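Here is the structure we will look at, set down as structure tokens.
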Amino acid sequence: MVAILMVAVLSAFVTVAMNVTGNTTRLTDRSRDYAAARAAAEGSVDYAYAQWKGLTANNNGPVATTTMMAAITPPTFTGLSYASAAVDGQLRVDAVDQYGAPTTTLTSVTVTLPAYPGWSGQVYTYLARAKLQPSNGSYAFAAGVKRQFQYTVVPLFQSMFFFQDNLEIYKAATMTVNGLVHTNSSAYLSGQSSSPLTFQSNVSYVTSYTATADPPYANTWSGWSANAEVDPVYTTSQSSQLHQVTAMQPLGTDLSSAINTTDTNPNNDSIHEIIEPPNTSYTDPAVFATRRYYNKAGLLIKINGATITVTGQNGLTLTTAQKTAIAGAVSARSTIYDQREGSNVNVSTVNVGTLNTALNSTTGFNNVVYIYDTTTATTPNAIRLSNGGVLPASGLTVASVNPVYIQGDYNTGTTNSPTAVPANNGNSSDTASPTVSGYTRAPAAVIGDAVMLLSNSWSDSNSSQSLSSRTASNTTYNTAIVSGFMPSGYQPSSGAQYGYSGGANNFPRFLENWTNKYCTYFGSMVELYQSQTFTGEWDTGNIYSPPIRCWNFDPNYTQNPPPGSLTAISWTRGSWVKY
């Protein structure tokens, strides 16, 4: 009996053990299969992200759901299948509204951007989802995931400095930056004990940041001294104001996929394309065609020797009389000497006041002017803007493939004596108004291969003389600037390698003795490309002496940016959600 009882007990234990083992095995298998299904669903959604990003880049903008679904073929996985053909099963990417509901109408929301502290943009949101299950149907479960994708359009003129290349500020005079600062490369930012560098808003960089190392080639500059760097002052704290971020793409796509210098097409060689006329003998890629100021402009002014051709486009129709009046705002080409270029320059001067008068009788103008000089010459061609105190109330953007000089007060309301602008009297605390009484500064931008600031006292006749003969006077400029630069260490085709670039504090170029004179500025400075016409090396010496810089970001640009404003694009993914 004892033996029989023991056998029965052992049999019971064996049965229980087998049941437990079987249940554990089934649970383990189920857990393993669920994990595999979830991993596949996540992989499917990540695959969709790559497809979605490529489609928006190729489209130069957000893409509707129907277009998206027609382009996406869901990936396949061994042993797994999508749960059903229903919306919640198959891989899908749907445009959604601000509440997360699928919509057939692309809608954007203006929001602050957590990925770029302090910045705001127009966000288009999509919801991606996928649900997979074992193909053999052994278990009645499916693993699903959801994830948000966001396509964000970021206006560049909401910053004081936006640099595609290295952002360098080194051994500058006392400088307070009151707007956002960003570089898609590295930031070399330092002050001096006697002249601090202060940031009042957020600073972001992509590659690296240093406040204790020299910028590249700084030690080649005559003003270099060892261990001169002092940490910038962050008015809140460095930890809350300084951020490493992903790149904002000014062409709306990764540059490596947009730029090609090895093919025969001259229309896709660099970001400099945005200020160049397209070569009509070749295809103009949409990524550049949609961003070219030549294409954006409502008014084209072409100079070829003594011939000035005026053309209206993008809704602007001009009469013969209007074309004649606009052409009359451009003076005959003259010659000045540019000390930085070490060369004579052929300059066509635009009387902005006369141009405004000529444009007053037009309708359908989008306030973007593209002007360029195609005259064949042995010395460079450039454009000069003069008498620009008063601009159209709705704003004015002037763009050119040529270098552009701005001479005298710009967008200040000044129509006669420059001293009528309060800020011109010199106000180091930046409290003086940058306009005359009764004038509201207009949203404005000046865009060119390089942008030079000439004071109210500039004289062409003294341009080739020594620095002591080129004495500046207090001058105010209220405009965004998009310009090229010459990088530190640039190697020209002939001659010695360049040294330090001069940094962001020398981004607008000077040619006068500004010692103890005030350069007051309200606007936004954007560097996207290397100069191709004005490639002279930065230095001081006989070229210029620096002004007292009263530089300010124009906060009006956050709500009312200059006509034809530039934007960058960012793509982001939200966190995973199971369903």
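Chain labels run A, B, ... following the order of the structure tokens; each chain numbers its residues from 1, and ligands are numbered from 1 in the order shown.
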Region 105-112 of chain A: which residues within 7 Å, counting only C-alpha atoms, same-chain residues fewer than 3 positions away excluded, as a PDB file with N, CA, C and O atoms, in the first residue's frame?
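Written file, selection28.pdb:
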```pdb
ATOM      1  N   ALA A  64       0.197  64.757 -48.390  1.00  0.00           N
ATOM      2  CA  ALA A  64      -1.119  64.289 -47.965  1.00  0.00           C
ATOM      3  C   ALA A  64      -1.120  62.773 -47.773  1.00  0.00           C
ATOM      4  O   ALA A  64      -0.297  62.046 -48.328  1.00  0.00           O
ATOM      5  N   ALA A  95      -1.867  61.987 -42.056  1.00  0.00           N
ATOM      6  CA  ALA A  95      -1.832  63.366 -41.582  1.00  0.00           C
ATOM      7  C   ALA A  95      -2.928  63.539 -40.545  1.00  0.00           C
ATOM      8  O   ALA A  95      -4.038  63.008 -40.700  1.00  0.00           O
ATOM      9  N   ASP A  97      -4.835  66.275 -37.468  1.00  0.00           N
ATOM     10  CA  ASP A  97      -5.027  67.663 -37.081  1.00  0.00           C
ATOM     11  C   ASP A  97      -4.402  67.920 -35.721  1.00  0.00           C
ATOM     12  O   ASP A  97      -3.741  67.032 -35.144  1.00  0.00           O
ATOM     13  N   GLN A  98      -4.638  69.112 -35.185  1.00  0.00           N
ATOM     14  CA  GLN A  98      -3.992  69.483 -33.927  1.00  0.00           C
ATOM     15  C   GLN A  98      -4.469  68.643 -32.748  1.00  0.00           C
ATOM     16  O   GLN A  98      -3.844  68.621 -31.687  1.00  0.00           O
ATOM     17  N   GLY A 118      13.459  77.737 -27.426  1.00  0.00           N
ATOM     18  CA  GLY A 118      13.332  79.147 -27.763  1.00  0.00           C
ATOM     19  C   GLY A 118      12.805  79.386 -29.162  1.00  0.00           C
ATOM     20  O   GLY A 118      12.333  80.479 -29.462  1.00  0.00           O
ATOM     21  N   TRP A 119      12.885  78.382 -30.024  1.00  0.00           N
ATOM     22  CA  TRP A 119      12.442  78.533 -31.401  1.00  0.00           C
ATOM     23  C   TRP A 119      10.977  78.140 -31.544  1.00  0.00           C
ATOM     24  O   TRP A 119      10.437  77.378 -30.752  1.00  0.00           O
ATOM     25  N   SER A 120      10.349  78.660 -32.580  1.00  0.00           N
ATOM     26  CA  SER A 120       8.985  78.263 -32.909  1.00  0.00           C
ATOM     27  C   SER A 120       8.926  77.930 -34.389  1.00  0.00           C
ATOM     28  O   SER A 120       9.821  78.285 -35.167  1.00  0.00           O
ATOM     29  N   GLY A 121       7.885  77.225 -34.781  1.00  0.00           N
ATOM     30  CA  GLY A 121       7.758  76.845 -36.183  1.00  0.00           C
ATOM     31  C   GLY A 121       6.364  76.368 -36.498  1.00  0.00           C
ATOM     32  O   GLY A 121       5.510  76.232 -35.619  1.00  0.00           O
ATOM     33  N   GLN A 122       6.134  76.146 -37.788  1.00  0.00           N
ATOM     34  CA  GLN A 122       4.870  75.592 -38.251  1.00  0.00           C
ATOM     35  C   GLN A 122       5.023  74.075 -38.332  1.00  0.00           C
ATOM     36  O   GLN A 122       5.820  73.568 -39.112  1.00  0.00           O
ATOM     37  N   VAL A 123       4.238  73.374 -37.507  1.00  0.00           N
ATOM     38  CA  VAL A 123       4.381  71.929 -37.385  1.00  0.00           C
ATOM     39  C   VAL A 123       3.235  71.217 -38.091  1.00  0.00           C
ATOM     40  O   VAL A 123       2.058  71.513 -37.845  1.00  0.00           O
ATOM     41  N   TYR A 124       3.598  70.285 -38.973  1.00  0.00           N
ATOM     42  CA  TYR A 124       2.645  69.372 -39.607  1.00  0.00           C
ATOM     43  C   TYR A 124       2.851  68.007 -38.958  1.00  0.00           C
ATOM     44  O   TYR A 124       3.972  67.478 -38.952  1.00  0.00           O
TER      45      TYR A 124
END
```
If you count only C-alpha atoms, which residues fall within 9 Å of region 40-50 of chain A, apart from same-chain ones fewer than 2 positions away, as a ChimeraX atom specification? /A:35-38,52-55,72-77,80,82,91-93,128-132,143-147,149,573,576
Looking at A:Tyr209, A:Tyr521, A:Tyr188, A:Tyr99, which one is nearest to Asn478 (chain A), with distances taken over only C-alpha atoms?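 Smallest distance to Asn478 (chain A) is found for A:Tyr521.
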Can I get the residues of region 213-262 of chain A within 12 Å of region 532-539 of chain A, each with the closest pair of atoms and their distance in Å to one decimal, using only C-alpha atoms, sorted chain first then ascending number, as CSV?
```
residue,atom,partner,partner_atom,distance
A:Ala218,CA,A:Asp539,CA,11.4
A:Thr220,CA,A:Asp539,CA,10.6
A:Trp221,CA,A:Asp539,CA,7.7
A:Ser222,CA,A:Asp539,CA,8.6
A:Gly223,CA,A:Asp539,CA,9.4
A:Trp224,CA,A:Asp539,CA,11.8
```
Residues just named, written with C-alpha atoms as a CSV table (one decimal), in the first residue's frame:
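Writing done, so here's out17.csv:
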```
chain,number,residue,atom,x,y,z
A,218,ALA,CA,42.9,82.4,-34.7
A,220,THR,CA,47.4,83.5,-37.4
A,221,TRP,CA,45.7,86.9,-36.8
A,222,SER,CA,47.8,89.8,-35.6
A,223,GLY,CA,45.3,90.4,-32.8
A,224,TRP,CA,45.7,86.9,-31.4
```
Using DSSP on the backbone coordinates, identify the residues of region 365-507 of chain A assigned to strand (DSSP E or B); present them as a PyMOL selection string. chain A and resi 368-373+381-386+388+396-399+404-407+410+444-447+451-454+471+475-478+480-485
Would you mind reading off the distance between CA of Gly79 (chain A) and CA of Asp33 (chain A), one decimal, in Å?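 Result for CA of Gly79 (chain A) versus CA of Asp33 (chain A): 9.3 Å, one decimal.
A straight line drawn from CA of Pro117 (chain A) to CA of Asn202 (chain A) is 6.8 Å long.
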Shortest interatomic distance to Ala444 (chain A) - which of A:Gly502, A:Gly342, A:Pro418, A:Pro563, counting only C-alpha atoms: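 Using only C-alpha atoms, the shortest distance to Ala444 (chain A) belongs to A:Pro563.
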Contacts of Leu156 (chain A) at 12 Å or less, counting only C-alpha atoms, minus same-chain residues fewer than 4 places along, as an MDAnalysis selection string? chainID A and resid 119:121 160:164 179:183 248:251 480:482 523:528 557:558 561:562 564:569
Arg340 (chain A) environment, 12 Å, only C-alpha atoms, sequence neighbours closer than 2 positions dropped, as a ChimeraX atom specification: /A:337-338,342-345,450,452,463-464,467,486,509-512,534-544
Could you tell me, as a PyMOL selection string, which residues of region 281-513 of chain A DSSP assigns to alpha helix (DSSP H) when given the backbone? chain A and resi 286-289+293-296+320-327+352-359
Atoms kept (C-alpha atoms) for selection, written as a PDB file, in the first residue's frame:
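Saved as again-v4.pdb:
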```pdb
ATOM      1  CA  ALA A 286      12.922  71.724 -57.127  1.00  0.00           C
ATOM      2  CA  VAL A 287      14.859  71.948 -53.868  1.00  0.00           C
ATOM      3  CA  PHE A 288      16.690  74.964 -55.343  1.00  0.00           C
ATOM      4  CA  ALA A 289      14.052  76.284 -57.742  1.00  0.00           C
ATOM      5  CA  TYR A 293      15.319  84.572 -54.942  1.00  0.00           C
ATOM      6  CA  TYR A 294      15.428  85.002 -58.706  1.00  0.00           C
ATOM      7  CA  ASN A 295      12.255  82.889 -58.837  1.00  0.00           C
ATOM      8  CA  LYS A 296      10.693  84.350 -55.687  1.00  0.00           C
ATOM      9  CA  THR A 320       6.343 100.642 -70.280  1.00  0.00           C
ATOM     10  CA  ALA A 321       6.245 103.843 -68.242  1.00  0.00           C
ATOM     11  CA  GLN A 322       6.636 101.914 -64.996  1.00  0.00           C
ATOM     12  CA  LYS A 323       9.586  99.955 -66.343  1.00  0.00           C
ATOM     13  CA  THR A 324      11.230 103.221 -67.396  1.00  0.00           C
ATOM     14  CA  ALA A 325      10.681 104.739 -63.957  1.00  0.00           C
ATOM     15  CA  ILE A 326      12.129 101.677 -62.198  1.00  0.00           C
ATOM     16  CA  ALA A 327      15.154 101.611 -64.489  1.00  0.00           C
ATOM     17  CA  VAL A 352      15.863 103.079 -52.992  1.00  0.00           C
ATOM     18  CA  GLY A 353      13.761 106.194 -52.465  1.00  0.00           C
ATOM     19  CA  THR A 354      13.321 106.614 -56.229  1.00  0.00           C
ATOM     20  CA  LEU A 355      12.579 102.904 -56.586  1.00  0.00           C
ATOM     21  CA  ASN A 356       9.863 103.132 -53.926  1.00  0.00           C
ATOM     22  CA  THR A 357       8.246 106.038 -55.738  1.00  0.00           C
ATOM     23  CA  ALA A 358       8.288 104.089 -59.007  1.00  0.00           C
ATOM     24  CA  LEU A 359       6.737 101.046 -57.313  1.00  0.00           C
TER      25      LEU A 359
END
```
Using only C-alpha atoms, which of the listed residues (A:Asp214, A:Asp460, A:Asp373, A:Asp409) sits closest to Asn304 (chain A)?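 Of A:Asp214, A:Asp460, A:Asp373, A:Asp409, the one nearest Asn304 (chain A), counting only C-alpha atoms, is A:Asp373.
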Taking only C-alpha atoms into account, name the residue in A:Ser185, A:Asn456, A:Gln200, A:Ser570 that is nearest to Gln150 (chain A).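 Under the stated criterion, the closest residue is A:Ser570.
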Residues near Thr419 (chain A), cut-off 10 Å, only C-alpha atoms, skip fewer than 2 positions along chain, as a list in words: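 After dropping sequence-adjacent residues, the list is Asp409, Thr414, Asn416, Ser417, Val421, Pro422, Ala423, Asn424, Asn425, Val436, Asn456, Ser473, Asn474 and Thr475 of chain A.
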Could those residues be written to a file, using N, CA, C and O atoms, as a PDB file, in the first residue's frame?
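The file below, again37.pdb, is the result:
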```
ATOM      1  N   ASP A 409      22.021 105.362 -43.581  1.00  0.00           N
ATOM      2  CA  ASP A 409      20.871 104.879 -42.818  1.00  0.00           C
ATOM      3  C   ASP A 409      19.922 104.084 -43.703  1.00  0.00           C
ATOM      4  O   ASP A 409      19.600 104.499 -44.821  1.00  0.00           O
ATOM      5  N   THR A 414      14.672 108.178 -42.268  1.00  0.00           N
ATOM      6  CA  THR A 414      15.480 109.342 -42.627  1.00  0.00           C
ATOM      7  C   THR A 414      15.289 109.710 -44.094  1.00  0.00           C
ATOM      8  O   THR A 414      15.411 108.869 -44.969  1.00  0.00           O
ATOM      9  N   ASN A 416      16.519 113.078 -44.955  1.00  0.00           N
ATOM     10  CA  ASN A 416      17.506 114.139 -45.185  1.00  0.00           C
ATOM     11  C   ASN A 416      18.695 113.964 -44.253  1.00  0.00           C
ATOM     12  O   ASN A 416      19.566 113.171 -44.516  1.00  0.00           O
ATOM     13  N   SER A 417      18.696 114.666 -43.122  1.00  0.00           N
ATOM     14  CA  SER A 417      19.856 114.638 -42.237  1.00  0.00           C
ATOM     15  C   SER A 417      19.927 113.313 -41.465  1.00  0.00           C
ATOM     16  O   SER A 417      18.989 112.953 -40.757  1.00  0.00           O
ATOM     17  N   VAL A 421      18.110 110.418 -36.748  1.00  0.00           N
ATOM     18  CA  VAL A 421      17.858 109.121 -36.125  1.00  0.00           C
ATOM     19  C   VAL A 421      18.460 109.121 -34.729  1.00  0.00           C
ATOM     20  O   VAL A 421      19.677 109.285 -34.588  1.00  0.00           O
ATOM     21  N   PRO A 422      17.662 108.938 -33.685  1.00  0.00           N
ATOM     22  CA  PRO A 422      18.214 109.009 -32.321  1.00  0.00           C
ATOM     23  C   PRO A 422      19.384 108.073 -32.084  1.00  0.00           C
ATOM     24  O   PRO A 422      20.375 108.444 -31.461  1.00  0.00           O
ATOM     25  N   ALA A 423      19.294 106.831 -32.594  1.00  0.00           N
ATOM     26  CA  ALA A 423      20.360 105.862 -32.349  1.00  0.00           C
ATOM     27  C   ALA A 423      21.678 106.280 -32.982  1.00  0.00           C
ATOM     28  O   ALA A 423      22.741 105.827 -32.572  1.00  0.00           O
ATOM     29  N   ASN A 424      21.618 107.145 -33.987  1.00  0.00           N
ATOM     30  CA  ASN A 424      22.848 107.590 -34.633  1.00  0.00           C
ATOM     31  C   ASN A 424      23.692 108.475 -33.735  1.00  0.00           C
ATOM     32  O   ASN A 424      24.868 108.721 -34.022  1.00  0.00           O
ATOM     33  N   ASN A 425      23.099 108.954 -32.685  1.00  0.00           N
ATOM     34  CA  ASN A 425      23.854 109.818 -31.785  1.00  0.00           C
ATOM     35  C   ASN A 425      24.759 109.020 -30.856  1.00  0.00           C
ATOM     36  O   ASN A 425      25.538 109.592 -30.102  1.00  0.00           O
ATOM     37  N   VAL A 436      13.385 107.540 -36.939  1.00  0.00           N
ATOM     38  CA  VAL A 436      12.951 108.886 -36.607  1.00  0.00           C
ATOM     39  C   VAL A 436      11.527 108.822 -36.066  1.00  0.00           C
ATOM     40  O   VAL A 436      10.807 107.840 -36.272  1.00  0.00           O
ATOM     41  N   ASN A 456      27.115 106.827 -43.142  1.00  0.00           N
ATOM     42  CA  ASN A 456      26.579 108.060 -43.710  1.00  0.00           C
ATOM     43  C   ASN A 456      27.671 108.977 -44.261  1.00  0.00           C
ATOM     44  O   ASN A 456      27.395 109.868 -45.061  1.00  0.00           O
ATOM     45  N   SER A 473      30.801 107.699 -39.731  1.00  0.00           N
ATOM     46  CA  SER A 473      29.966 108.410 -38.766  1.00  0.00           C
ATOM     47  C   SER A 473      28.871 107.461 -38.298  1.00  0.00           C
ATOM     48  O   SER A 473      28.603 106.433 -38.923  1.00  0.00           O
ATOM     49  N   ASN A 474      28.227 107.804 -37.179  1.00  0.00           N
ATOM     50  CA  ASN A 474      27.192 106.938 -36.616  1.00  0.00           C
ATOM     51  C   ASN A 474      26.106 106.665 -37.649  1.00  0.00           C
ATOM     52  O   ASN A 474      25.590 107.585 -38.287  1.00  0.00           O
ATOM     53  N   THR A 475      25.755 105.386 -37.813  1.00  0.00           N
ATOM     54  CA  THR A 475      24.800 104.985 -38.846  1.00  0.00           C
ATOM     55  C   THR A 475      23.954 103.831 -38.336  1.00  0.00           C
ATOM     56  O   THR A 475      24.439 102.988 -37.568  1.00  0.00           O
TER      57      THR A 475
END
```
Just the number, please: distance in Å from CA of Gly499 (chain A) to CA of Pro216 (chain A), one decimal.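 It comes out at 8.1 Å.
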Of the residues A:Val96, A:Ile274, A:Ile406, A:Ala226, which is the one nearest to Thr212 (chain A), using only C-alpha atoms?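 Once distances to Thr212 (chain A) are computed over only C-alpha atoms, the minimum belongs to A:Ala226.
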